[in-house]
>>> print(open('work-v9.cif').read())   # mmCIF, C-alpha atoms
data_data
loop_
_atom_site.label_atom_id
_atom_site.label_comp_id
_atom_site.auth_asym_id
_atom_site.auth_seq_id
_atom_site.Cartn_x
_atom_site.Cartn_y
_atom_site.Cartn_z
CA MET A 1 -133.61 -46.41 10.02
CA SER A 2 -131.24 -47.01 12.87
CA SER A 3 -127.52 -46.35 12.99
CA ASN A 4 -125.22 -49.37 12.88
CA LEU A 5 -122.70 -47.55 15.05
CA PRO A 6 -123.06 -48.41 18.75
CA SER A 7 -122.95 -45.38 21.01
CA SER A 8 -121.17 -45.07 24.31
CA ARG A 9 -121.76 -42.52 27.04
CA GLU A 10 -118.38 -43.30 28.65
CA PRO A 11 -115.92 -43.51 25.75
CA LYS A 12 -112.66 -45.29 26.22
CA GLU A 13 -109.77 -43.17 25.02
CA SER A 14 -106.13 -44.09 24.60
CA ARG A 15 -103.32 -41.80 25.69
CA ASP A 16 -100.64 -43.81 23.90
CA PRO A 17 -100.33 -41.69 20.75
CA LYS A 18 -98.37 -43.42 18.04
CA PRO A 19 -97.01 -41.54 15.00
CA SER A 20 -99.01 -43.65 12.54
CA ARG A 21 -102.21 -43.36 14.54
CA ARG A 22 -104.25 -41.21 12.13
CA SER A 23 -102.29 -41.43 8.90
CA THR A 24 -105.43 -42.39 7.00
CA SER A 25 -107.52 -39.51 8.33
CA ASN A 26 -109.63 -37.70 5.74
CA LEU A 27 -108.36 -34.44 7.16
CA SER A 28 -104.68 -35.32 6.84
CA ASN A 29 -104.70 -36.05 3.11
CA PHE A 30 -108.04 -34.55 2.00
CA SER A 31 -108.50 -37.27 -0.59
CA VAL A 32 -111.91 -38.14 -1.93
CA THR A 33 -113.19 -41.08 0.07
CA SER A 34 -115.81 -43.57 -1.01
CA THR A 35 -118.16 -45.90 0.80
CA ALA A 36 -118.66 -49.30 -0.76
CA GLY A 37 -122.09 -50.83 -0.99
CA PHE A 38 -124.21 -47.69 -0.98
CA SER A 39 -127.78 -48.32 0.04
CA SER A 40 -130.95 -46.31 0.04
CA ILE A 41 -133.95 -47.12 2.18
CA ASP A 42 -136.38 -45.93 -0.50
CA ASN A 43 -136.97 -47.03 -4.06
CA ILE A 44 -137.18 -43.43 -5.29
CA LYS A 45 -134.01 -41.40 -5.72
CA SER A 46 -132.60 -40.20 -2.43
CA PRO A 47 -131.80 -36.51 -1.90
CA VAL A 48 -128.24 -35.24 -2.13
CA VAL A 49 -126.90 -34.17 1.28
CA ILE A 50 -124.30 -31.37 1.23
CA GLU A 51 -122.32 -29.88 4.12
CA LEU A 52 -120.24 -26.87 3.07
CA GLY A 53 -117.55 -26.35 5.70
CA ALA A 54 -114.90 -23.67 6.04
CA ARG A 55 -112.26 -26.32 5.36
CA THR A 56 -113.94 -29.43 3.95
CA THR A 57 -117.12 -30.27 2.08
CA LYS A 58 -118.95 -33.52 2.79
CA ILE A 59 -121.37 -34.97 0.26
CA GLY A 60 -123.46 -38.10 -0.18
CA LEU A 61 -126.99 -39.40 -0.53
CA ALA A 62 -129.67 -39.57 2.14
CA GLY A 63 -129.67 -42.99 3.76
CA ASP A 64 -125.88 -43.42 3.55
CA SER A 65 -124.10 -44.15 6.82
CA SER A 66 -121.14 -41.92 5.91
CA PRO A 67 -120.32 -39.29 3.28
CA ARG A 68 -119.39 -40.62 -0.12
CA SER A 69 -116.77 -37.91 -0.56
CA ILE A 70 -114.90 -35.49 1.69
CA PHE A 71 -112.73 -32.87 0.00
CA ARG A 72 -111.45 -29.35 0.45
CA THR A 73 -113.86 -26.46 0.04
CA GLU A 74 -111.93 -24.82 -2.77
CA PHE A 75 -112.10 -24.60 -6.54
CA VAL A 76 -109.55 -24.07 -9.32
CA ASP A 77 -111.01 -22.74 -12.56
CA GLU A 78 -109.88 -23.29 -16.14
CA ASN A 79 -107.43 -20.38 -15.82
CA SER A 80 -105.76 -22.01 -12.77
CA VAL A 81 -107.26 -19.35 -10.50
CA LYS A 82 -107.83 -20.80 -7.04
CA PHE A 83 -110.96 -19.86 -5.06
CA THR A 84 -110.75 -20.54 -1.32
CA SER A 85 -113.66 -21.38 0.96
CA VAL A 86 -113.77 -17.75 2.10
CA GLN A 87 -114.38 -16.65 -1.49
CA LEU A 88 -116.77 -19.48 -2.35
CA LEU A 89 -118.93 -19.10 0.75
CA SER A 90 -118.95 -15.30 0.79
CA PRO A 91 -122.50 -13.93 0.97
CA ARG A 92 -121.37 -10.82 -0.92
CA SER A 93 -120.60 -12.44 -4.29
CA SER A 94 -123.52 -12.45 -6.70
CA ARG A 95 -124.23 -12.19 -10.40
CA LEU A 96 -123.07 -8.60 -10.13
CA ASP A 97 -119.72 -10.03 -8.96
CA PRO A 98 -119.41 -12.95 -11.39
CA ASN A 99 -116.03 -14.41 -10.42
CA GLY A 100 -116.95 -15.81 -7.00
CA TYR A 101 -120.51 -16.59 -8.11
CA ASN A 102 -119.47 -18.58 -11.18
CA ALA A 103 -116.84 -20.45 -9.15
CA LEU A 104 -119.51 -21.49 -6.64
CA VAL A 105 -121.81 -22.61 -9.47
CA LYS A 106 -119.07 -24.83 -10.88
CA PHE A 107 -118.17 -26.09 -7.41
CA ILE A 108 -121.77 -27.17 -6.72
CA LYS A 109 -122.06 -28.70 -10.20
CA ASN A 110 -118.90 -30.69 -9.48
CA ILE A 111 -120.62 -32.20 -6.42
CA PHE A 112 -123.21 -33.86 -8.66
CA ASP A 113 -120.46 -35.01 -11.03
CA VAL A 114 -118.60 -36.67 -8.15
CA LEU A 115 -121.79 -38.41 -7.05
CA GLY A 116 -122.51 -39.51 -10.63
CA THR A 117 -126.01 -38.07 -10.73
CA MET A 118 -127.92 -35.34 -12.55
CA PRO A 119 -129.04 -32.23 -10.61
CA LYS A 120 -132.53 -32.42 -12.15
CA ASP A 121 -133.04 -35.88 -10.63
CA ARG A 122 -132.29 -35.11 -6.98
CA ARG A 123 -133.69 -33.02 -4.18
CA VAL A 124 -131.00 -31.28 -2.15
CA ILE A 125 -130.48 -31.01 1.61
CA VAL A 126 -127.93 -28.42 2.76
CA LEU A 127 -126.53 -28.33 6.29
CA GLU A 128 -126.07 -24.77 7.43
CA ASN A 129 -124.26 -23.07 10.25
CA VAL A 130 -126.49 -21.28 12.75
CA LEU A 131 -124.69 -18.06 11.81
CA THR A 132 -125.20 -18.42 8.04
CA GLU A 133 -126.35 -15.16 6.50
CA THR A 134 -129.70 -15.07 4.73
CA SER A 135 -128.10 -13.58 1.61
CA PHE A 136 -125.91 -16.66 1.17
CA ARG A 137 -128.87 -19.00 1.63
CA VAL A 138 -130.77 -17.13 -1.07
CA LYS A 139 -127.73 -17.21 -3.38
CA LEU A 140 -127.25 -20.95 -2.86
CA SER A 141 -130.96 -21.54 -3.48
CA GLN A 142 -130.68 -19.58 -6.72
CA ILE A 143 -127.76 -21.71 -7.90
CA ILE A 144 -129.33 -25.05 -6.97
CA LEU A 145 -132.90 -24.34 -8.03
CA GLU A 146 -132.58 -21.87 -10.89
CA VAL A 147 -129.18 -22.58 -12.44
CA LEU A 148 -128.87 -26.33 -11.85
CA GLN A 149 -132.66 -26.88 -11.87
CA CYS A 150 -132.84 -29.25 -8.90
CA PRO A 151 -136.44 -30.06 -7.83
CA SER A 152 -136.11 -28.59 -4.31
CA ILE A 153 -133.77 -27.48 -1.52
CA TRP A 154 -134.03 -27.79 2.26
CA PHE A 155 -131.73 -26.08 4.74
CA VAL A 156 -131.21 -27.88 8.06
CA THR A 157 -129.08 -26.69 10.97
CA SER A 158 -125.96 -28.69 11.71
CA HIS A 159 -126.33 -28.54 15.51
CA LEU A 160 -129.76 -30.16 15.45
CA CYS A 161 -128.64 -32.78 12.95
CA ALA A 162 -125.73 -33.78 15.19
CA THR A 163 -128.20 -34.99 17.85
CA PHE A 164 -130.06 -37.23 15.43
CA PRO A 165 -127.68 -40.23 15.26
CA PHE A 166 -127.87 -40.59 19.05
CA ASN A 167 -131.67 -40.41 19.14
CA THR A 168 -131.57 -37.72 21.79
CA ALA A 169 -133.64 -34.57 22.18
CA ASN A 170 -131.31 -33.03 24.77
CA ALA A 171 -127.66 -32.21 24.19
CA LEU A 172 -125.06 -29.50 24.61
CA VAL A 173 -123.66 -29.46 21.07
CA VAL A 174 -120.05 -28.24 20.78
CA ASP A 175 -119.09 -27.80 17.13
CA ILE A 176 -115.33 -27.16 16.88
CA GLY A 177 -114.84 -25.97 13.34
CA SER A 178 -111.96 -24.71 11.27
CA ALA A 179 -112.59 -21.01 11.89
CA GLU A 180 -114.68 -20.98 15.06
CA THR A 181 -116.39 -23.00 17.76
CA ILE A 182 -120.14 -22.70 18.18
CA ILE A 183 -121.76 -24.07 21.34
CA LEU A 184 -125.53 -24.43 21.27
CA PRO A 185 -127.82 -26.24 23.75
CA VAL A 186 -130.64 -28.36 22.38
CA SER A 187 -133.55 -29.06 24.73
CA GLU A 188 -136.48 -31.25 23.73
CA GLY A 189 -135.32 -31.05 20.13
CA VAL A 190 -135.35 -27.24 20.06
CA THR A 191 -132.24 -25.03 19.92
CA LEU A 192 -131.84 -22.49 22.72
CA LEU A 193 -130.45 -19.71 20.55
CA SER A 194 -130.38 -17.21 23.42
CA CYS A 195 -127.59 -19.29 25.00
CA VAL A 196 -125.36 -19.67 21.95
CA HIS A 197 -121.62 -19.09 22.48
CA VAL A 198 -119.11 -18.44 19.69
CA SER A 199 -115.31 -18.35 19.91
CA SER A 200 -112.80 -17.88 17.11
CA SER A 201 -109.75 -18.74 19.22
CA VAL A 202 -111.04 -22.26 19.95
CA SER A 203 -110.70 -23.58 16.42
CA SER A 204 -108.55 -25.65 14.10
CA LEU A 205 -107.00 -22.48 12.72
CA TYR A 206 -105.66 -21.43 16.12
CA LEU A 207 -104.41 -24.95 16.76
CA GLU A 208 -102.20 -24.51 13.70
CA VAL A 209 -101.11 -21.07 14.92
CA ARG A 210 -100.12 -22.63 18.25
CA CYS A 211 -98.30 -25.46 16.47
CA ASP A 212 -96.42 -22.84 14.44
CA GLN A 213 -95.28 -21.10 17.62
CA LEU A 214 -94.08 -24.32 19.21
CA MET A 215 -92.31 -25.55 16.08
CA ARG A 216 -90.44 -22.27 15.75
CA ALA A 217 -89.25 -22.66 19.33
CA HIS A 218 -88.62 -26.43 19.44
CA GLY A 219 -88.78 -27.84 15.90
CA GLN A 220 -85.66 -28.97 14.07
CA ARG A 221 -84.47 -30.02 10.64
CA GLU A 222 -82.12 -32.93 9.96
CA SER A 223 -79.49 -32.90 7.22
CA PRO A 224 -78.69 -35.97 5.07
CA GLU A 225 -75.67 -36.51 7.33
CA GLY A 226 -77.93 -36.72 10.40
CA VAL A 227 -77.01 -33.30 11.83
CA ARG A 228 -79.89 -31.48 13.46
CA SER A 229 -80.32 -27.69 13.49
CA ALA A 230 -82.93 -24.96 13.83
CA LEU A 231 -85.43 -24.44 11.03
CA ARG A 232 -84.48 -21.92 8.35
CA ASP A 233 -86.60 -19.44 6.39
CA GLU A 234 -86.51 -21.72 3.34
CA ASP A 235 -87.81 -24.59 5.49
CA TRP A 236 -90.76 -22.49 6.61
CA ARG A 237 -91.61 -21.68 2.99
CA ILE A 238 -91.86 -25.42 2.28
CA ILE A 239 -93.86 -25.98 5.47
CA ARG A 240 -96.41 -23.33 4.48
CA GLU A 241 -96.76 -24.48 0.87
CA SER A 242 -97.17 -28.14 1.85
CA ASN A 243 -99.68 -27.53 4.70
CA VAL A 244 -97.34 -29.40 7.03
CA LEU A 245 -98.67 -27.71 10.17
CA GLU A 246 -102.12 -29.04 9.39
CA THR A 247 -100.73 -32.55 9.03
CA ILE A 248 -98.88 -32.27 12.35
CA VAL A 249 -101.99 -31.07 14.19
CA VAL A 250 -104.40 -33.58 12.66
CA SER A 251 -102.23 -36.68 12.59
CA HIS A 252 -99.78 -36.36 15.46
CA CYS A 253 -101.09 -34.13 18.27
CA PHE A 254 -103.09 -35.28 21.30
CA CYS A 255 -104.59 -33.92 24.51
CA THR A 256 -102.49 -34.55 27.58
CA THR A 257 -103.80 -34.79 31.15
CA ARG A 258 -104.45 -31.75 33.31
CA GLU A 259 -101.75 -32.90 35.74
CA ARG A 260 -99.06 -33.02 33.05
CA ALA A 261 -100.16 -29.70 31.58
CA LEU A 262 -99.82 -27.97 34.97
CA ALA A 263 -96.42 -29.60 35.50
CA HIS A 264 -95.19 -28.21 32.17
CA LYS A 265 -96.36 -24.72 33.15
CA LYS A 266 -94.90 -24.69 36.64
CA PRO A 267 -91.83 -22.39 36.61
CA GLY A 268 -88.56 -23.87 37.80
CA ALA A 269 -89.98 -27.38 38.18
CA LYS A 270 -88.59 -30.42 36.42
CA LYS A 271 -90.48 -31.09 33.22
CA PRO A 272 -92.33 -34.42 32.94
CA GLU A 273 -90.80 -37.17 30.89
CA PRO A 274 -92.09 -37.21 27.28
CA GLU A 275 -95.36 -39.11 26.92
CA ALA A 276 -94.88 -39.71 23.19
CA GLU A 277 -92.12 -40.21 20.68
CA GLU A 278 -90.78 -37.61 18.29
CA VAL A 279 -92.09 -37.67 14.73
CA VAL A 280 -89.91 -37.47 11.64
CA LEU A 281 -91.57 -36.05 8.50
CA LYS A 282 -89.91 -36.05 5.09
CA PHE A 283 -91.10 -33.96 2.15
CA ASP A 284 -89.61 -31.87 -0.66
CA GLY A 285 -86.08 -32.67 0.45
CA LEU A 286 -86.70 -31.53 4.03
CA THR A 287 -86.51 -33.82 7.04
CA LEU A 288 -88.56 -32.23 9.82
CA ILE A 289 -88.33 -33.29 13.47
CA VAL A 290 -91.50 -32.79 15.54
CA PRO A 291 -90.57 -33.06 19.25
CA PRO A 292 -92.86 -34.81 21.78
CA TYR A 293 -93.39 -31.46 23.54
CA VAL A 294 -94.98 -29.98 20.40
CA ARG A 295 -97.28 -32.97 19.97
CA GLU A 296 -98.37 -32.82 23.61
CA MET A 297 -98.76 -29.06 24.14
CA THR A 298 -100.36 -27.88 20.88
CA CYS A 299 -103.87 -28.75 22.08
CA GLU A 300 -103.41 -26.69 25.25
CA ILE A 301 -104.79 -23.72 23.31
CA LEU A 302 -108.20 -25.38 23.68
CA PHE A 303 -108.05 -25.62 27.48
CA ASP A 304 -105.60 -23.01 28.80
CA GLN A 305 -107.20 -19.65 29.55
CA GLU A 306 -103.87 -17.79 29.50
CA LEU A 307 -102.94 -19.12 26.06
CA THR A 308 -106.37 -18.25 24.73
CA MET A 309 -106.04 -14.68 25.98
CA GLU A 310 -102.68 -14.41 24.23
CA MET A 311 -104.50 -15.24 21.01
CA GLY A 312 -106.82 -12.29 21.50
CA ASP A 313 -109.82 -14.05 23.05
CA ASP A 314 -110.81 -14.29 26.69
CA CYS A 315 -112.27 -17.79 27.00
CA ALA A 316 -110.91 -21.30 26.58
CA LEU A 317 -113.34 -24.14 25.87
CA PRO A 318 -114.07 -25.10 29.53
CA ASN A 319 -114.68 -21.44 30.37
CA LEU A 320 -117.06 -21.11 27.43
CA LEU A 321 -119.10 -24.08 28.63
CA HIS A 322 -119.33 -22.79 32.20
CA ASP A 323 -120.26 -19.31 30.98
CA LEU A 324 -122.99 -20.80 28.83
CA SER A 325 -124.35 -22.85 31.74
CA ARG A 326 -125.00 -19.62 33.66
CA LYS A 327 -127.49 -18.59 30.98
CA LEU A 328 -129.40 -21.87 31.12
CA PRO A 329 -132.55 -22.41 33.17
CA ILE A 330 -131.65 -23.96 36.52
CA ASP A 331 -133.24 -27.31 35.67
CA LEU A 332 -131.09 -27.66 32.54
CA LYS A 333 -127.64 -26.87 33.96
CA ARG A 334 -126.74 -30.35 35.21
CA GLN A 335 -128.60 -32.02 32.37
CA MET A 336 -126.55 -30.27 29.69
CA PHE A 337 -123.21 -31.24 31.28
CA SER A 338 -124.43 -34.85 31.32
CA ASN A 339 -125.23 -34.68 27.60
CA ILE A 340 -122.24 -33.06 25.91
CA LEU A 341 -121.95 -33.78 22.19
CA VAL A 342 -118.68 -32.69 20.56
CA THR A 343 -118.40 -32.71 16.79
CA GLY A 344 -115.77 -31.56 14.32
CA GLY A 345 -112.23 -32.64 13.51
CA SER A 346 -110.82 -31.45 16.84
CA ALA A 347 -113.13 -33.85 18.67
CA MET A 348 -110.98 -36.69 17.31
CA PHE A 349 -107.87 -35.86 19.35
CA PRO A 350 -106.98 -38.76 21.67
CA GLY A 351 -107.73 -37.78 25.25
CA PHE A 352 -109.99 -34.86 24.29
CA ASN A 353 -113.10 -35.90 26.22
CA SER A 354 -111.14 -36.98 29.28
CA ARG A 355 -109.24 -33.68 29.41
CA LEU A 356 -112.37 -31.59 28.90
CA LYS A 357 -114.08 -33.48 31.72
CA GLU A 358 -111.10 -32.84 34.01
CA GLU A 359 -111.14 -29.12 33.25
CA LEU A 360 -114.90 -28.76 33.68
CA GLN A 361 -114.86 -30.50 37.05
CA ALA A 362 -111.79 -28.57 38.25
CA MET A 363 -113.46 -25.26 37.42
CA ALA A 364 -116.68 -26.37 39.10
CA ASP A 365 -114.76 -27.31 42.26
CA GLN A 366 -113.00 -23.94 42.32
CA GLN A 367 -116.30 -22.10 41.98
CA LYS A 368 -118.14 -24.53 44.28
CA LEU A 369 -120.63 -25.51 41.60
CA LYS A 370 -122.50 -28.80 41.32
CA THR A 371 -123.30 -28.57 37.62
CA ALA A 372 -120.27 -30.62 36.50
CA ASP A 373 -120.57 -33.50 38.98
CA ASP A 374 -121.64 -35.93 36.26
CA VAL A 375 -119.99 -34.96 32.97
CA LYS A 376 -120.78 -37.38 30.14
CA PHE A 377 -120.31 -37.37 26.38
CA TYR A 378 -122.16 -38.74 23.39
CA GLN A 379 -119.74 -40.66 21.21
CA PHE A 380 -119.69 -43.61 18.83
CA ASP A 381 -117.12 -46.35 19.17
CA ASP A 382 -115.79 -45.31 15.76
CA ILE A 383 -114.10 -42.01 16.63
CA ASN A 384 -113.90 -41.03 12.94
CA SER A 385 -117.67 -40.52 12.91
CA GLN A 386 -117.19 -37.40 15.05
CA LEU A 387 -115.96 -35.73 11.89
CA TYR A 388 -119.32 -36.04 10.11
CA LEU A 389 -121.95 -36.39 12.85
CA SER A 390 -124.02 -33.50 11.50
CA TRP A 391 -123.88 -34.89 7.97
CA LEU A 392 -124.98 -38.31 9.26
CA GLY A 393 -127.94 -36.74 11.04
CA ALA A 394 -128.99 -34.93 7.87
CA SER A 395 -128.66 -38.18 5.95
CA MET A 396 -131.05 -39.84 8.41
CA ILE A 397 -133.55 -36.98 8.22
CA GLY A 398 -133.30 -37.05 4.43
CA SER A 399 -134.36 -40.68 4.39
CA LEU A 400 -137.83 -39.52 5.52
CA GLN A 401 -139.12 -38.72 2.05
CA ASP A 402 -142.43 -37.23 3.19
CA VAL A 403 -140.64 -34.86 5.55
CA VAL A 404 -138.23 -33.73 2.84
CA GLN A 405 -141.06 -33.16 0.39
CA ASN A 406 -143.17 -31.17 2.86
CA ARG A 407 -140.42 -28.94 4.22
CA SER A 408 -138.38 -28.26 1.09
CA LEU A 409 -138.52 -25.14 -1.03
CA THR A 410 -139.47 -26.26 -4.53
CA ARG A 411 -138.08 -24.83 -7.72
CA GLU A 412 -141.50 -23.59 -8.81
CA SER A 413 -142.03 -21.80 -5.51
CA PHE A 414 -138.61 -20.14 -5.68
CA LEU A 415 -139.14 -18.92 -9.25
CA ASN A 416 -142.46 -17.43 -8.11
CA GLY A 417 -140.80 -15.39 -5.37
CA GLY A 418 -140.54 -17.91 -2.54
CA ARG A 419 -137.53 -17.84 -0.23
CA PRO A 420 -135.96 -20.53 1.96
CA GLN A 421 -137.62 -20.83 5.35
CA ASP A 422 -135.50 -19.96 8.35
CA TRP A 423 -134.54 -23.09 10.27
CA LEU A 424 -135.78 -21.48 13.49
CA ASP A 425 -139.34 -21.55 12.18
CA ASN A 426 -141.35 -24.47 13.56
CA PHE A 427 -138.56 -27.04 13.56
CA SER A 428 -138.04 -29.71 16.18
CA THR A 429 -136.24 -33.02 15.82
CA ARG A 430 -138.59 -35.02 18.05
CA PRO A 431 -141.28 -35.96 15.49
CA TYR A 432 -138.63 -37.19 13.04
CA GLN A 433 -136.76 -39.15 15.70
CA ALA A 434 -139.99 -40.87 16.69
CA GLU A 435 -140.62 -41.81 13.06
CA LEU A 436 -137.10 -43.18 12.57
CA PHE A 437 -136.49 -44.93 15.88
CA GLY A 438 -140.06 -45.78 16.88
CA GLU A 439 -139.38 -44.88 20.51
CA LYS A 440 -139.25 -41.86 22.78
CA SER A 441 -136.03 -39.88 22.52
CA ARG A 442 -133.80 -39.52 25.55
#
>>> encode(input="work-v9.cif", output="structure tokens")
Amino acid sequence: MSSNLPSSREPKESRDPKPSRRSTSNLSNFSVTSTAGFSSIDNIKSPVVIELGARTTKIGLAGDSSPRSIFRTEFVDENSVKFTSVQLLSPRSSRLDPNGYNALVKFIKNIFDVLGTMPKDRRVIVLENVLTETSFRVKLSQIILEVLQCPSIWFVTSHLCATFPFNTANALVVDIGSAETIILPVSEGVTLLSCVHVSSSVSSLYLEVRCDQLMRAHGQRESPEGVRSALRDEDWRIIRESNVLETIVVSHCFCTTRERALAHKKPGAKKPEPEAEEVVLKFDGLTLIVPPYVREMTCEILFDQELTMEMGDDCALPNLLHDLSRKLPIDLKRQMFSNILVTGGSAMFPGFNSRLKEELQAMADQQKLKTADDVKFYQFDDINSQLYLSWLGASMIGSLQDVVQNRSLTRESFLNGGRPQDWLDNFSTRPYQAELFGEKSR
């Protein structure tokens, strides 16, 4: 199977952000999305592919080119009690703590209902974070194999799967998630776990915190008569309840250039002219004005070391990448910077790759390093695919039925005391890439 999305090592990015630019984003409205004309490359029933994220869950069938549904990782039970992703994905809840456990059982069962299939008929592939605790993997296996009686389960790591759609065995995978960013090099299809870097301040959550700070300083409300004033406490209650900050970040923010960012920071200097227009949002009787400065400067938390330190961490994204490169073998340093693969919702910001390249090269020049001379990125022409790259890779791997059958933990084995195999054990992407693409991986 080959992807129908052409890849580009030098993506073209627009810096002309328009207010309506991402109004249909899955992240902005969190509606269930469908893909017409589903196809499977095998006559037998394809496995179900599940990616449980801290903010969204992506589901579909192996062989699909995109998830069939993307929705929030949360569950509301029959008593209107809401379970967040933190509660659902907690490794501590078990049958001895039935509330969270039962909610997760119903949440997983709902996945099969959305897909219109029976659990007993489908193998399951679960994408897991490299930091997933073993206790949660065992609990999820118990739910899928024992409670729902699926034939088998296979855990695959998201960072390795992200490399699969590009048919590459070498990449510096930067996964910018909702709660944290995990950077992991992949060399010859094998993860270099000794070089992993994790940061909680480079995340979607901190982008919203930064947007909150800027809106409190610069945001305004507009009355029905057209009079503008500072936001009130009642306005902030509506903003929190309606997840407005998330909408602003996802749909209206962008990454500015390094030159403009430095000009904004320079004390006493004239501020640059706005690069974008203000955005007017209306909801629940409130008319909210989002200034161009907020749209332009929110993403600085990803690149500005001083802002990151204010948030309680000591490394912005460019610093994390350079720190990681110091741990790499000397022959991999330049290679990794020429094979950067960014995934996650934050990778969809206009100007993200260009700004990250500017910052990496500026830091390299300051430190007189040659590792960032040729910074390149893996990216499809369809920028929306950055949101589900790992899921797409798992879908491709899941289309190899023999591989799924041989590597999965079966229900019979689990009931007899078997436990899910750690993804670090004897796993490389290269044999599967060769089988799918019929050529040597880059």
>>> residues_near_point(input="work-v9.cif", point="(-125.5, -27.8, 20.5)", cutoff="10 Å", atoms="all atoms listed in the file", output="PyMOL selection string")
chain A and resi 158-163+170-175+182-187+190-193+195-197+336+339-343
>>> resolve_selection(input="work-v9.cif", expression="the PyMOL selection byres ((chain A and resi 253) around 9)", output="JSON, numbers by chain")
{"A": [17, 248, 249, 250, 251, 252, 254, 255, 292, 294, 295, 296, 297, 298, 299, 349, 350]}
>>> atom_distance(input="work-v9.cif", atom1="atom CA of A:Gln361", atom2="atom CA of A:Ser325")
13.3 Å
>>> atom_distance(input="work-v9.cif", atom1="atom CA of A:Phe414", atom2="atom CA of A:Met396")
25.4 Å
>>> closest_residue(input="work-v9.cif", among="A:Gly60, A:Pro165, A:Pro274, A:Gly219", to="A:Thr256", atoms="only C-alpha atoms")
A:Pro274
>>> resolve_selection(input="work-v9.cif", expression="the PyMOL selection byres ((chain A and resi 218) around 9)", output="list of chain:residue names")
A:Gln213, A:Leu214, A:Met215, A:Arg216, A:Ala217, A:Gly219, A:Gln220, A:Ala230, A:Val290, A:Pro291, A:Tyr293, A:Val294
>>> write_last_selection(input="work-v9.cif", atoms="C-alpha atoms", output="compact mmCIF listing (two decimals), in the frame of the given file")
# COMPACT_ATOMS: atom_id res chain seq x y z
CA GLN A 213 -95.28 -21.10 17.62
CA LEU A 214 -94.08 -24.32 19.21
CA MET A 215 -92.31 -25.55 16.08
CA ARG A 216 -90.44 -22.27 15.75
CA ALA A 217 -89.25 -22.66 19.33
CA GLY A 219 -88.78 -27.84 15.90
CA GLN A 220 -85.66 -28.97 14.07
CA ALA A 230 -82.93 -24.96 13.83
CA VAL A 290 -91.50 -32.79 15.54
CA PRO A 291 -90.57 -33.06 19.25
CA TYR A 293 -93.39 -31.46 23.54
CA VAL A 294 -94.98 -29.98 20.40
>>> residues_around(input="work-v9.cif", residues="A:Asp284", least_positions_apart="6", cutoff="10 Å", atoms="only C-alpha atoms", output="PyMOL selection string")
chain A and resi 235+238-239+242
>>> residues_around(input="work-v9.cif", residues="stretch 314-324 of chain A", least_positions_apart="2", cutoff="10 Å", atoms="only C-alpha atoms", output="PyMOL selection string")
chain A and resi 172+174+176+181-185+194-203+300-312+326-328+333+336-337+340+355-364+369+371-372
>>> residues_around(input="work-v9.cif", residues="A:Thr57", least_positions_apart="5", cutoff="6 Å", atoms="all atoms listed in the file", output="JSON list (two decimals) with C-alpha atoms, keeping the file's coordinate frame")
[["chain", "number", "residue", "atom", "x", "y", "z"],
["A", 51, "GLU", "CA", -122.32, -29.88, 4.12],
["A", 52, "LEU", "CA", -120.24, -26.87, 3.07],
["A", 70, "ILE", "CA", -114.90, -35.49, 1.69],
["A", 71, "PHE", "CA", -112.73, -32.87, 0.00],
["A", 72, "ARG", "CA", -111.45, -29.35, 0.45],
["A", 73, "THR", "CA", -113.86, -26.46, 0.04]]
>>> atom_distance(input="work-v9.cif", atom1="atom CA of A:Val280", atom2="atom CA of A:Ser385")
28.0 Å
>>> closest_residue(input="work-v9.cif", among="A:Ile153, A:Ile289, A:Ala269, A:Ala54", to="A:Glu180", atoms="only C-alpha atoms")
A:Ala54
